[in-house]
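Next comes protein-v6.txt, a file with compact mmCIF, C-alpha atoms.
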# COMPACT_ATOMS: atom_id res chain seq x y z
CA MET A 1 32.96 15.55 -25.01
CA ALA A 2 31.92 15.56 -28.64
CA ARG A 3 30.50 18.36 -30.72
CA MET A 4 27.07 17.46 -32.01
CA SER A 5 23.65 18.88 -32.82
CA TYR A 6 20.57 18.84 -30.58
CA LEU A 7 19.16 16.22 -32.98
CA GLU A 8 22.28 14.04 -32.93
CA ALA A 9 22.48 14.32 -29.14
CA ALA A 10 19.01 12.80 -28.77
CA LYS A 11 19.81 10.09 -31.30
CA SER A 12 22.95 9.10 -29.41
CA ALA A 13 20.98 9.08 -26.14
CA LEU A 14 18.41 6.67 -27.58
CA ALA A 15 21.07 4.46 -29.16
CA GLU A 16 23.04 4.26 -25.92
CA GLU A 17 19.97 3.39 -23.88
CA MET A 18 18.93 0.74 -26.43
CA ARG A 19 22.39 -0.83 -26.21
CA ARG A 20 22.27 -0.73 -22.42
CA ASP A 21 18.75 -2.11 -21.96
CA PRO A 22 17.18 -4.62 -24.38
CA THR A 23 13.67 -3.66 -23.22
CA VAL A 24 14.00 -0.14 -24.71
CA TRP A 25 12.39 0.20 -28.14
CA ALA A 26 10.95 2.98 -30.30
CA VAL A 27 7.66 3.11 -32.19
CA GLY A 28 6.14 5.68 -34.51
CA GLU A 29 5.50 6.65 -38.10
CA ASP A 30 8.41 6.42 -40.55
CA LEU A 31 11.05 5.56 -37.97
CA GLY A 32 12.65 3.08 -40.37
CA ARG A 33 13.48 5.84 -42.80
CA GLY A 34 14.83 8.01 -39.99
CA GLY A 35 11.79 9.80 -38.63
CA VAL A 36 10.27 12.98 -40.02
CA PHE A 37 13.25 15.11 -38.91
CA GLY A 38 15.99 12.45 -39.18
CA GLN A 39 16.17 11.88 -35.40
CA TYR A 40 16.18 8.09 -35.95
CA ARG A 41 18.36 7.93 -39.08
CA GLY A 42 20.47 4.77 -39.14
CA LEU A 43 19.08 3.30 -35.91
CA VAL A 44 17.10 0.58 -37.73
CA ASP A 45 20.38 -0.72 -39.20
CA GLU A 46 21.79 -1.34 -35.74
CA PHE A 47 18.65 -2.39 -33.86
CA GLY A 48 16.38 -3.86 -36.54
CA PRO A 49 12.72 -3.20 -37.29
CA GLU A 50 11.49 -4.99 -34.16
CA ARG A 51 13.02 -2.29 -31.95
CA ILE A 52 12.86 0.68 -34.35
CA SER A 53 9.28 -0.06 -35.19
CA ASP A 54 7.29 1.54 -37.99
CA ALA A 55 3.62 2.02 -37.21
CA PRO A 56 0.58 2.76 -39.36
CA ILE A 57 -0.69 6.35 -39.29
CA SER A 58 -2.75 6.18 -36.13
CA GLU A 59 -1.38 8.07 -33.14
CA ALA A 60 -4.06 6.58 -30.88
CA CYS A 61 -2.99 3.02 -31.83
CA ILE A 62 0.70 3.83 -31.41
CA MET A 63 0.18 5.37 -27.97
CA GLY A 64 -2.29 2.72 -26.82
CA ALA A 65 0.01 -0.13 -27.84
CA ALA A 66 2.97 1.55 -26.15
CA VAL A 67 1.06 2.11 -22.90
CA GLY A 68 0.23 -1.60 -22.78
CA ALA A 69 3.81 -2.55 -23.66
CA ALA A 70 5.10 -0.29 -20.88
CA MET A 71 2.74 -1.86 -18.34
CA MET A 72 3.99 -5.30 -19.42
CA GLY A 73 7.61 -4.43 -18.62
CA THR A 74 9.19 -2.83 -21.69
CA ARG A 75 10.33 0.80 -22.10
CA PRO A 76 8.76 2.22 -25.25
CA VAL A 77 9.88 5.52 -26.76
CA VAL A 78 6.90 6.83 -28.71
CA GLU A 79 7.43 9.28 -31.57
CA MET A 80 4.47 11.59 -32.24
CA ARG A 81 6.27 13.79 -34.85
CA PHE A 82 4.51 17.00 -33.74
CA SER A 83 2.90 17.82 -30.40
CA ASP A 84 -0.04 18.91 -32.54
CA PHE A 85 -0.49 15.35 -33.89
CA ALA A 86 -0.24 13.82 -30.43
CA LEU A 87 -3.66 15.26 -29.70
CA CYS A 88 -5.07 12.25 -31.57
CA ALA A 89 -3.61 10.11 -28.76
CA ILE A 90 -4.44 12.25 -25.76
CA ASP A 91 -6.93 9.78 -24.26
CA GLU A 92 -4.30 7.03 -24.26
CA LEU A 93 -1.77 9.39 -22.67
CA VAL A 94 -3.90 11.36 -20.21
CA ASN A 95 -6.60 8.84 -19.29
CA GLN A 96 -4.53 5.66 -19.49
CA ALA A 97 -0.77 6.22 -19.16
CA ALA A 98 -1.03 8.93 -16.50
CA LYS A 99 -3.69 7.09 -14.46
CA ALA A 100 -2.87 3.37 -14.68
CA ARG A 101 -0.47 3.26 -11.74
CA TYR A 102 -2.89 5.12 -9.47
CA MET A 103 -6.00 3.25 -10.54
CA PHE A 104 -4.31 -0.14 -10.12
CA GLY A 105 -3.14 0.84 -6.64
CA GLY A 106 0.52 0.82 -7.58
CA GLN A 107 0.46 -2.69 -9.08
CA THR A 108 1.80 -1.34 -12.37
CA LYS A 109 3.94 1.51 -13.65
CA VAL A 110 4.05 3.02 -17.12
CA PRO A 111 7.70 3.66 -18.06
CA LEU A 112 6.87 5.43 -21.30
CA VAL A 113 8.64 8.27 -23.13
CA VAL A 114 6.49 10.29 -25.53
CA ARG A 115 8.49 12.48 -27.88
CA GLU A 116 6.37 15.43 -28.99
CA PRO A 117 8.33 18.05 -30.92
CA ILE A 118 6.99 21.56 -30.24
CA GLY A 119 7.38 25.10 -31.48
CA MET A 120 7.62 27.32 -34.50
CA TRP A 121 10.35 27.29 -37.07
CA ARG A 122 9.15 28.91 -40.29
CA SER A 123 5.72 28.73 -41.94
CA SER A 124 4.59 25.42 -40.57
CA ALA A 125 1.28 27.08 -39.66
CA ALA A 126 -1.33 26.60 -36.97
CA GLN A 127 -1.37 22.78 -36.81
CA HIS A 128 2.39 22.14 -36.81
CA SER A 129 3.80 24.92 -34.62
CA GLN A 130 2.18 24.80 -31.22
CA SER A 131 3.87 24.63 -27.82
CA LEU A 132 1.46 22.60 -25.71
CA GLU A 133 3.66 21.82 -22.71
CA ALA A 134 1.29 23.44 -20.20
CA TRP A 135 -1.45 20.91 -21.04
CA TYR A 136 0.67 18.07 -19.72
CA ALA A 137 2.07 19.94 -16.72
CA HIS A 138 -1.59 20.10 -15.64
CA ILE A 139 -1.98 16.31 -15.58
CA PRO A 140 -1.09 14.39 -12.39
CA GLY A 141 1.09 11.39 -13.17
CA LEU A 142 3.06 12.92 -16.05
CA VAL A 143 6.61 14.27 -16.15
CA VAL A 144 7.16 17.13 -18.64
CA VAL A 145 10.59 17.82 -20.15
CA CYS A 146 11.56 20.72 -22.47
CA PRO A 147 15.31 20.59 -23.28
CA ALA A 148 17.00 23.74 -24.63
CA THR A 149 20.56 22.59 -25.43
CA PRO A 150 22.26 19.63 -27.17
CA ALA A 151 23.81 18.40 -23.89
CA ASP A 152 20.46 18.61 -22.14
CA ASN A 153 18.75 16.80 -24.98
CA LYS A 154 21.09 13.90 -24.35
CA GLY A 155 21.13 13.85 -20.56
CA LEU A 156 17.42 14.47 -20.16
CA LEU A 157 16.35 11.92 -22.79
CA LYS A 158 18.51 9.28 -21.12
CA SER A 159 16.90 10.12 -17.76
CA ALA A 160 13.46 9.97 -19.38
CA ILE A 161 14.11 6.49 -20.78
CA ARG A 162 15.30 5.23 -17.39
CA CYS A 163 12.37 6.87 -15.56
CA ASP A 164 9.51 4.65 -14.38
CA ASP A 165 6.90 7.40 -14.90
CA PRO A 166 5.35 8.39 -18.23
CA VAL A 167 7.42 11.30 -19.57
CA VAL A 168 6.21 13.82 -22.16
CA TYR A 169 9.44 14.79 -23.86
CA MET A 170 9.12 17.99 -25.88
CA GLU A 171 12.00 18.83 -28.20
CA HIS A 172 11.90 22.12 -30.09
CA LYS A 173 11.85 21.76 -33.88
CA GLY A 174 13.81 24.99 -34.26
CA LEU A 175 16.68 23.58 -32.19
CA TRP A 176 17.44 20.41 -34.23
CA PRO A 177 20.55 21.90 -35.93
CA LEU A 178 21.92 23.70 -32.84
CA GLU A 179 25.44 22.43 -32.10
CA ASP A 180 27.39 22.33 -28.86
CA GLU A 181 29.66 20.13 -26.76
CA VAL A 182 27.91 17.02 -25.44
CA PRO A 183 29.32 14.61 -22.84
CA ASP A 184 29.93 11.09 -24.12
CA ASP A 185 29.78 9.33 -20.75
CA PRO A 186 27.18 6.55 -21.23
CA ASP A 187 25.76 7.36 -17.79
CA PHE A 188 25.45 11.11 -18.41
CA LEU A 189 22.06 11.70 -16.80
CA ILE A 190 20.48 15.07 -16.01
CA PRO A 191 18.06 14.85 -13.09
CA PHE A 192 14.51 16.14 -13.48
CA GLY A 193 13.53 19.23 -11.51
CA LYS A 194 17.01 20.81 -11.50
CA ALA A 195 17.15 24.05 -13.45
CA ARG A 196 20.18 25.29 -15.37
CA PHE A 197 21.56 28.73 -14.61
CA ALA A 198 22.29 29.94 -18.14
CA ARG A 199 23.54 33.24 -16.76
CA GLU A 200 24.06 34.66 -13.30
CA GLY A 201 23.03 38.22 -12.51
CA ARG A 202 21.75 40.48 -9.75
CA ASP A 203 19.15 42.87 -11.25
CA ILE A 204 16.36 40.63 -12.58
CA THR A 205 15.52 36.94 -12.95
CA ILE A 206 14.32 35.64 -16.30
CA VAL A 207 12.78 32.16 -16.23
CA SER A 208 12.37 30.37 -19.55
CA TRP A 209 12.62 26.94 -21.19
CA SER A 210 13.10 25.31 -24.57
CA LYS A 211 14.10 27.50 -27.52
CA GLN A 212 12.98 30.70 -25.85
CA VAL A 213 15.97 30.39 -23.49
CA HIS A 214 18.25 31.30 -26.41
CA VAL A 215 16.22 34.41 -27.26
CA ALA A 216 16.37 35.47 -23.62
CA ALA A 217 20.13 34.77 -23.51
CA ALA A 218 20.72 37.02 -26.53
CA ALA A 219 18.61 39.75 -24.90
CA ALA A 220 20.55 39.39 -21.64
CA GLU A 221 23.85 39.68 -23.51
CA LYS A 222 22.80 43.00 -25.06
CA LEU A 223 21.34 44.29 -21.79
CA ALA A 224 24.70 43.75 -20.12
CA SER A 225 26.05 46.60 -22.22
CA GLU A 226 23.32 48.78 -20.68
CA ASN A 227 24.54 47.76 -17.22
CA ILE A 228 21.52 45.55 -16.64
CA ASP A 229 22.62 42.30 -15.04
CA VAL A 230 20.21 39.48 -15.92
CA GLU A 231 20.03 36.11 -14.18
CA LEU A 232 18.64 33.57 -16.69
CA ILE A 233 17.17 30.27 -15.52
CA ASP A 234 16.46 27.47 -17.98
CA LEU A 235 13.87 25.32 -16.21
CA ARG A 236 14.62 22.18 -18.30
CA THR A 237 11.59 20.38 -16.86
CA LEU A 238 8.12 21.82 -16.17
CA TRP A 239 7.04 18.95 -13.95
CA PRO A 240 8.74 18.76 -11.64
CA TRP A 241 9.93 22.36 -11.87
CA ASP A 242 12.77 23.83 -9.84
CA LYS A 243 10.86 26.12 -7.48
CA GLU A 244 13.81 26.34 -5.12
CA ALA A 245 16.11 27.74 -7.81
CA VAL A 246 13.50 30.25 -9.02
CA LEU A 247 12.54 31.41 -5.53
CA ALA A 248 16.18 31.76 -4.45
CA SER A 249 16.99 33.77 -7.55
CA VAL A 250 14.01 36.13 -7.25
CA GLU A 251 14.73 36.55 -3.56
CA LYS A 252 18.13 37.85 -4.64
CA THR A 253 17.07 40.02 -7.62
CA GLY A 254 13.58 41.10 -6.49
CA ARG A 255 12.31 41.00 -10.07
CA LEU A 256 10.84 38.25 -12.24
CA LEU A 257 10.14 38.03 -15.94
CA VAL A 258 8.85 34.71 -17.33
CA VAL A 259 9.41 34.27 -21.06
CA GLN A 260 7.69 31.52 -23.04
CA GLU A 261 6.98 30.79 -26.69
CA ALA A 262 3.58 29.29 -25.82
CA VAL A 263 0.34 31.23 -25.59
CA SER A 264 0.64 33.28 -22.42
CA VAL A 265 -2.95 32.76 -21.26
CA ALA A 266 -3.05 29.77 -18.90
CA GLY A 267 0.52 28.91 -19.91
CA PHE A 268 3.08 27.47 -17.54
CA GLY A 269 4.46 30.97 -16.98
CA ALA A 270 1.30 31.73 -15.03
CA GLU A 271 2.18 28.94 -12.58
CA ILE A 272 5.64 30.38 -12.04
CA ALA A 273 4.37 33.94 -11.68
CA ALA A 274 1.68 32.88 -9.20
CA THR A 275 4.13 30.84 -7.13
CA VAL A 276 6.58 33.73 -6.89
CA ALA A 277 3.78 36.19 -6.05
CA GLU A 278 2.50 33.86 -3.30
CA ARG A 279 5.88 33.22 -1.74
CA LEU A 280 7.84 36.40 -2.27
CA HIS A 281 5.28 39.19 -2.40
CA SER A 282 7.02 41.35 0.19
CA ARG A 283 10.43 40.82 -1.41
CA LEU A 284 9.46 41.94 -4.92
CA LYS A 285 10.74 45.31 -6.15
CA ALA A 286 8.48 45.21 -9.21
CA PRO A 287 5.34 43.28 -10.23
CA VAL A 288 6.00 39.86 -11.75
CA ARG A 289 5.62 39.87 -15.50
CA ARG A 290 4.98 37.29 -18.23
CA LEU A 291 5.88 37.42 -21.89
CA GLY A 292 4.29 34.88 -24.21
CA ALA A 293 2.35 34.53 -27.44
CA PRO A 294 -0.97 36.29 -27.95
CA ARG A 295 -3.95 33.96 -27.91
CA ILE A 296 -4.17 33.59 -31.70
CA PRO A 297 -3.39 30.63 -33.99
CA ILE A 298 0.08 30.58 -35.60
CA SER A 299 -0.03 31.65 -39.23
CA TYR A 300 1.68 30.36 -42.36
CA ALA A 301 2.32 33.91 -43.68
CA PRO A 302 5.65 35.06 -42.18
CA PRO A 303 4.51 38.57 -41.12
CA LEU A 304 1.53 37.05 -39.30
CA GLU A 305 3.65 34.29 -37.83
CA ASP A 306 6.07 36.90 -36.52
CA ALA A 307 3.19 38.52 -34.63
CA VAL A 308 3.22 35.44 -32.37
CA ARG A 309 6.95 35.35 -31.66
CA VAL A 310 8.36 36.67 -28.40
CA THR A 311 11.39 38.52 -29.72
CA GLU A 312 14.69 39.58 -28.28
CA ALA A 313 13.54 43.22 -28.57
CA ALA A 314 10.31 42.52 -26.66
CA THR A 315 12.30 40.74 -23.97
CA MET A 316 14.74 43.64 -23.64
CA LYS A 317 11.88 46.15 -23.43
CA ALA A 318 10.15 44.21 -20.67
CA VAL A 319 13.39 43.88 -18.70
CA ARG A 320 14.11 47.62 -18.96
CA GLU A 321 10.60 48.44 -17.75
CA LEU A 322 10.86 46.10 -14.76
CA VAL A 323 14.33 47.25 -13.79
CA ALA A 324 13.19 50.89 -13.92
CA VAL A 325 10.65 50.22 -11.13
CA ASN A 326 12.09 51.03 -7.68
CA SER A 327 15.68 51.06 -8.87
CA MET B 328 -17.10 -22.24 -36.19
CA ALA B 329 -16.05 -19.00 -37.86
CA VAL B 330 -13.31 -18.51 -35.26
CA ALA B 331 -12.05 -22.07 -35.72
CA GLU B 332 -11.86 -21.62 -39.49
CA LEU B 333 -10.10 -18.28 -39.24
CA THR B 334 -7.51 -19.35 -36.70
CA ALA B 335 -6.78 -22.53 -38.67
CA ALA B 336 -6.27 -20.46 -41.82
CA ILE B 337 -4.00 -17.97 -40.05
CA ARG B 338 -1.92 -20.78 -38.53
CA ALA B 339 -1.64 -22.32 -42.00
CA GLY B 340 -0.11 -19.08 -43.23
CA SER B 341 -3.03 -17.23 -44.79
CA GLY B 342 -1.94 -13.89 -43.32
CA PRO B 343 -4.18 -11.55 -41.29
CA ARG B 344 -7.97 -12.04 -41.42
CA PHE B 345 -10.85 -10.01 -40.05
CA LEU B 346 -13.59 -11.42 -37.85
CA ARG B 347 -16.64 -9.23 -37.80
CA ALA B 348 -18.77 -10.02 -34.75
CA ARG B 349 -22.17 -8.47 -34.12
CA THR B 350 -23.37 -8.28 -30.56
CA TYR B 351 -26.13 -6.76 -28.46
CA ARG B 352 -26.13 -5.17 -25.02
CA LEU B 353 -28.93 -6.97 -23.16
CA THR B 354 -29.20 -4.57 -20.20
CA GLY B 355 -28.88 -0.79 -19.90
CA HIS B 356 -25.53 1.00 -20.06
CA THR B 357 -25.33 1.02 -16.24
CA GLY B 358 -27.49 -0.23 -13.39
CA ALA B 359 -29.14 3.20 -13.41
CA ASP B 360 -30.09 2.97 -17.10
CA ALA B 361 -33.46 1.30 -17.71
CA ALA B 362 -32.76 1.55 -21.47
CA ALA B 363 -36.25 2.91 -22.18
CA TYR B 364 -35.04 4.08 -25.59
CA ARG B 365 -35.26 0.52 -26.99
CA PRO B 366 -38.53 -1.24 -27.90
CA LYS B 367 -39.43 -3.80 -25.24
CA GLU B 368 -40.15 -6.42 -27.93
CA GLU B 369 -36.69 -6.02 -29.45
CA VAL B 370 -34.97 -6.50 -26.08
CA GLU B 371 -37.16 -9.53 -25.23
CA GLU B 372 -36.32 -11.08 -28.58
CA ARG B 373 -32.59 -10.58 -27.96
CA TRP B 374 -32.74 -12.15 -24.50
CA LYS B 375 -33.44 -15.42 -26.35
CA ASP B 376 -29.81 -15.18 -27.51
CA ASP B 377 -28.47 -14.75 -23.96
CA PRO B 378 -25.13 -16.56 -24.21
CA ILE B 379 -25.36 -17.90 -20.66
CA ALA B 380 -28.74 -19.51 -21.36
CA ARG B 381 -27.43 -20.85 -24.65
CA ALA B 382 -24.40 -22.35 -22.94
CA ALA B 383 -26.72 -24.04 -20.42
CA ASP B 384 -28.79 -25.46 -23.29
CA LEU B 385 -25.65 -26.85 -24.94
CA LEU B 386 -24.49 -28.44 -21.69
CA ARG B 387 -27.95 -29.95 -21.13
CA ALA B 388 -27.89 -31.36 -24.66
CA ALA B 389 -24.48 -32.83 -23.91
CA GLY B 390 -25.97 -34.69 -20.94
CA VAL B 391 -25.12 -32.47 -17.98
CA PRO B 392 -27.93 -32.88 -15.44
CA ASP B 393 -30.05 -29.86 -14.41
CA SER B 394 -29.03 -30.35 -10.78
CA GLU B 395 -25.39 -29.80 -11.69
CA LEU B 396 -26.16 -26.69 -13.73
CA GLU B 397 -28.22 -25.30 -10.85
CA ALA B 398 -25.39 -26.03 -8.39
CA ASP B 399 -22.94 -24.16 -10.65
CA ARG B 400 -25.33 -21.23 -10.90
CA GLU B 401 -25.68 -21.06 -7.11
CA ALA B 402 -21.91 -21.34 -6.62
CA ALA B 403 -21.33 -18.43 -9.01
CA LYS B 404 -23.93 -16.29 -7.25
CA ARG B 405 -22.41 -17.12 -3.88
CA GLU B 406 -18.94 -16.14 -5.09
CA MET B 407 -20.22 -12.78 -6.31
CA ARG B 408 -22.18 -12.20 -3.10
CA GLU B 409 -19.12 -12.95 -0.99
CA ALA B 410 -16.94 -10.63 -3.07
CA TYR B 411 -19.53 -7.87 -2.73
CA GLU B 412 -19.89 -8.37 1.02
CA ALA B 413 -16.12 -8.43 1.50
CA ALA B 414 -15.78 -5.19 -0.47
CA VAL B 415 -18.56 -3.47 1.48
CA ALA B 416 -17.10 -4.63 4.82
CA THR B 417 -13.62 -3.34 3.97
CA PRO B 418 -12.97 0.18 5.31
CA TYR B 419 -12.05 2.94 2.87
CA PRO B 420 -8.32 3.63 2.66
CA PRO B 421 -6.92 6.47 4.80
CA ALA B 422 -7.10 9.92 3.18
CA GLU B 423 -3.31 10.20 2.81
CA GLN B 424 -3.52 7.28 0.37
CA ALA B 425 -4.88 9.85 -2.15
CA PHE B 426 -1.31 11.06 -2.65
CA ALA B 427 0.27 7.62 -3.15
CA ASP B 428 1.13 5.93 -6.43
CA VAL B 429 0.84 9.06 -8.58
CA GLN B 430 4.44 9.25 -9.79
CA ASP B 431 8.04 8.91 -8.61
CA VAL B 432 9.40 12.08 -10.19
CA GLY B 433 7.61 15.18 -8.94
CA ASP B 434 5.76 13.03 -6.37
CA PRO B 435 2.77 15.04 -5.05
CA ARG B 436 3.65 14.00 -1.48
CA VAL B 437 6.73 16.19 -1.96
CA GLU B 438 5.62 18.70 -4.58
CA ALA B 439 1.98 19.48 -3.75
CA PHE B 440 1.33 22.87 -2.23

How does this structure look as structure tokens?
Amino acid sequence: MARMSYLEAAKSALAEEMRRDPTVWAVGEDLGRGGVFGQYRGLVDEFGPERISDAPISEACIMGAAVGAAMMGTRPVVEMRFSDFALCAIDELVNQAAKARYMFGGQTKVPLVVREPIGMWRSSAAQHSQSLEAWYAHIPGLVVVCPATPADNKGLLKSAIRCDDPVVYMEHKGLWPLEDEVPDDPDFLIPFGKARFAREGRDITIVSWSKQVHVAAAAAEKLASENIDVELIDLRTLWPWDKEAVLASVEKTGRLLVVQEAVSVAGFGAEIAATVAERLHSRLKAPVRRLGAPRIPISYAPPLEDAVRVTEAATMKAVRELVAVNS
Amino acid sequence: MAVAELTAAIRAGSGPRFLRARTYRLTGHTGADAAAYRPKEEVEERWKDDPIARAADLLRAAGVPDSELEADREAAKREMREAYEAAVATPYPPAEQAFADVQDVGDPRVEAF
């Protein structure tokens, strides 16, 4: 174990995988100087500019080149800087990377990792703050990963690099400095589709992912002093998502609250809520509930930006309301 | 000629060069597109640049007899006809094939519901 940040954990994962497998390489804007957040700092010194590759400012070219390189047998890690910017490369990702294996009848695979940092931190405004994970969960062929902790950001990134499918890997910008213990086993791999139980409880199940898990955990901690026992599930990956863990938990608690930073409308929380309603209708003690952002752009001005955030207080209020039903 | 000059220069160390090539789509966008939005005269004029016809002219000028060109043309048509007939005669794949080769992780054969 070593204590390191969410950012450092991902950097060590990439470095380890590059040492292990000479076909792994990274490409994106400004990687040589460390990447926009410092996630690549120092890697060019060890691996050289052929494998930590600086690209011109064209997301479509970066993604298109990487898709071809993946089909030809290498394992590119593509850096898009912001999930918002990756929209310039969505044809290459959605129409090419996600479809190539199927359309070539299995004659090729696309072992590609696309790093798309998501989320709000402070005043990065409407084009640098979005959480677009649900878009990719909708696309057959893609794997979608949303790590919430430093250890997960190591074990999941290593799994993503070794995966033969195209993986959309969405780190949260607000989590870069978060520190925790991280395993240093070079084969520390976290499987996709296995949720993490951040907290066990009996009264209500909260399902969340990415940074919002920490808000929910803080809310659950305070609710414990009100004798409300929250079970908190960190999904880790949205496709595949751990239906078994969620269904087993809600079967036990009878109550479900899904908490997401993304816009609630047509967000991934809707998929979870619908699945639970379909499978466990007769077992529910209260209606399923979602908390997410209103369907408005994210502002630069802090008071307006705060109108989008799903807060600890809002989470606690929703939990109290759900627990009050049929208790 | 332009390509030969450019590649020679690049191999001699000139650095990257651009080749700007202008082309023309002789038929419609698809078999269903009669391309009525283009003047007939313009399209007829462009057919004179048909690269296949021009290649045949060059080969003729180089001494290849017409009979050989015609035999090549027939062989190419036959190959295409056979490929088409083979494709049409092949049955469609079974419906369960729709779920194959999507992805390993979160495979729809396991996850779809």

Note to self: With 6 Å as the limit and counting only C-alpha atoms, what residues in chain A lie close to chain B? Please list them as a PyMOL selection string.
What the structure shows: chain A and resi 102+106+141+165+240

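When atom CA of A:Ala314 is paired with atom CA of A:Leu132, their separation reads 21.8 Å.
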
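Using only C-alpha atoms for every distance, the candidate list A:Asp152, A:Glu200, A:Glu59, A:Glu251 yields A:Glu200 as the residue closest to A:Ile233.
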
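Going from atom CA of B:Tyr411 to atom CA of B:Thr357 covers 17.2 Å.
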
Next item on the list: Give me the residues within 8 Å of stretch 211-213 of chain A as a ChimeraX atom specification, counting all atoms listed in the file and dropping any in the same chain fewer than 4 places off.
Entry: /A:148,172,174-175,217,232,234,259-261,310

Notebook entry, point to check: Which residues, protein or nucleic acid, reach to within 7 Å of (10.9, 22.8, -23.0) in the file's coordinates when using only C-alpha atoms, and can you give that as a list in words?
Noted result: Val145, Cys146, Pro147, Ala148, Met170, Glu171, Trp209, Ser210, Arg236 and Thr237 of chain A

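Note that the spacing between atom CA of A:Gln39 and atom CA of A:Lys11 amounts to 5.8 Å.
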
Next item on the list: With a distance cut-off of 10 Å and all atoms listed in the file, select the neighbouring residues of stretch 302-304 of chain A, excluding the residue or stretch itself and same-chain residues fewer than 6 positions from it, and output the selection as number ranges by chain.
Entry: A: 122-125

Next item on the list: Return the single residue from B:Ala388, B:Glu423, B:Ala383, B:Arg352 that is closest to B:Val370, with distances computed using only C-alpha atoms.
Entry: B:Arg352

Item checked: Residue neighbourhood A:Asp242, 10 Å, only C-alpha atoms, exclusion window fewer than 2 positions, as a list of chain:residue names -> A:Phe192, A:Gly193, A:Lys194, A:Ala195, A:Arg196, A:Ile233, A:Asp234, A:Leu235, A:Arg236, A:Thr237, A:Leu238, A:Trp239, A:Pro240, A:Glu244, A:Ala245, A:Val246, A:Leu247, A:Ile272
